[in-house]
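Please read the structure below before turning to the comments.
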Amino acid sequence: MPMTLRLTDDEAEALRKRSAREDRSMQDVARQAIREYVERQSRAELLEEVLSEELPRYAEALERLGQ
């Protein structure tokens with residue numbers, strides 16, 4: 001899907017430098033960064049969901065361990 005991404009001058013320069021260092025297109029570097037961000041956020045949300053569902057079950061045991 002076509003998309004326009006507006007970057008500040010500093011962001012564009014950083015992306016330009018990173019893509020040159022990796023000998024990849026700016027588009028490839030940006031797409032990889034987006035994939036990694038989405039994956040990282042998805043994992044964090046899943047962990048938060050699991051913890052909020054499971055921690056109450058072990059609250060008493062965790063409290064005893066902390067004493």
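Lettering and numbering for the structure tokens are positional, with chains as A, B, ... in the shown order, residues counted from 1 in each chain, and ligands counted from 1 in the shown order.
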Item to complete: Enumerate as a PyMOL selection string all residues of chain A assigned to helix (DSSP H, G or I) by DSSP on the backbone, naming them with the chain letters and numbers the document uses.
Response: chain A and resi 9-22+26-65
Worksheet item: Taking only C-alpha atoms into account, which of A:Pro2, A:Ala59, A:Leu47, A:Glu54 comes nearest Gln27 (chain A)?
Response: A:Pro2
Practice prompt. May I have the residues within 10 Å of Arg18 (chain A) as a PyMOL selection string, using only C-alpha atoms and disregarding those fewer than 6 positions away in the same chain?
Written response: chain A and resi 12+24-26+29-30
Fill in: Atom pair CA of Arg16 (chain A) / CA of Gln41 (chain A): separation (Å)
25.0 Å
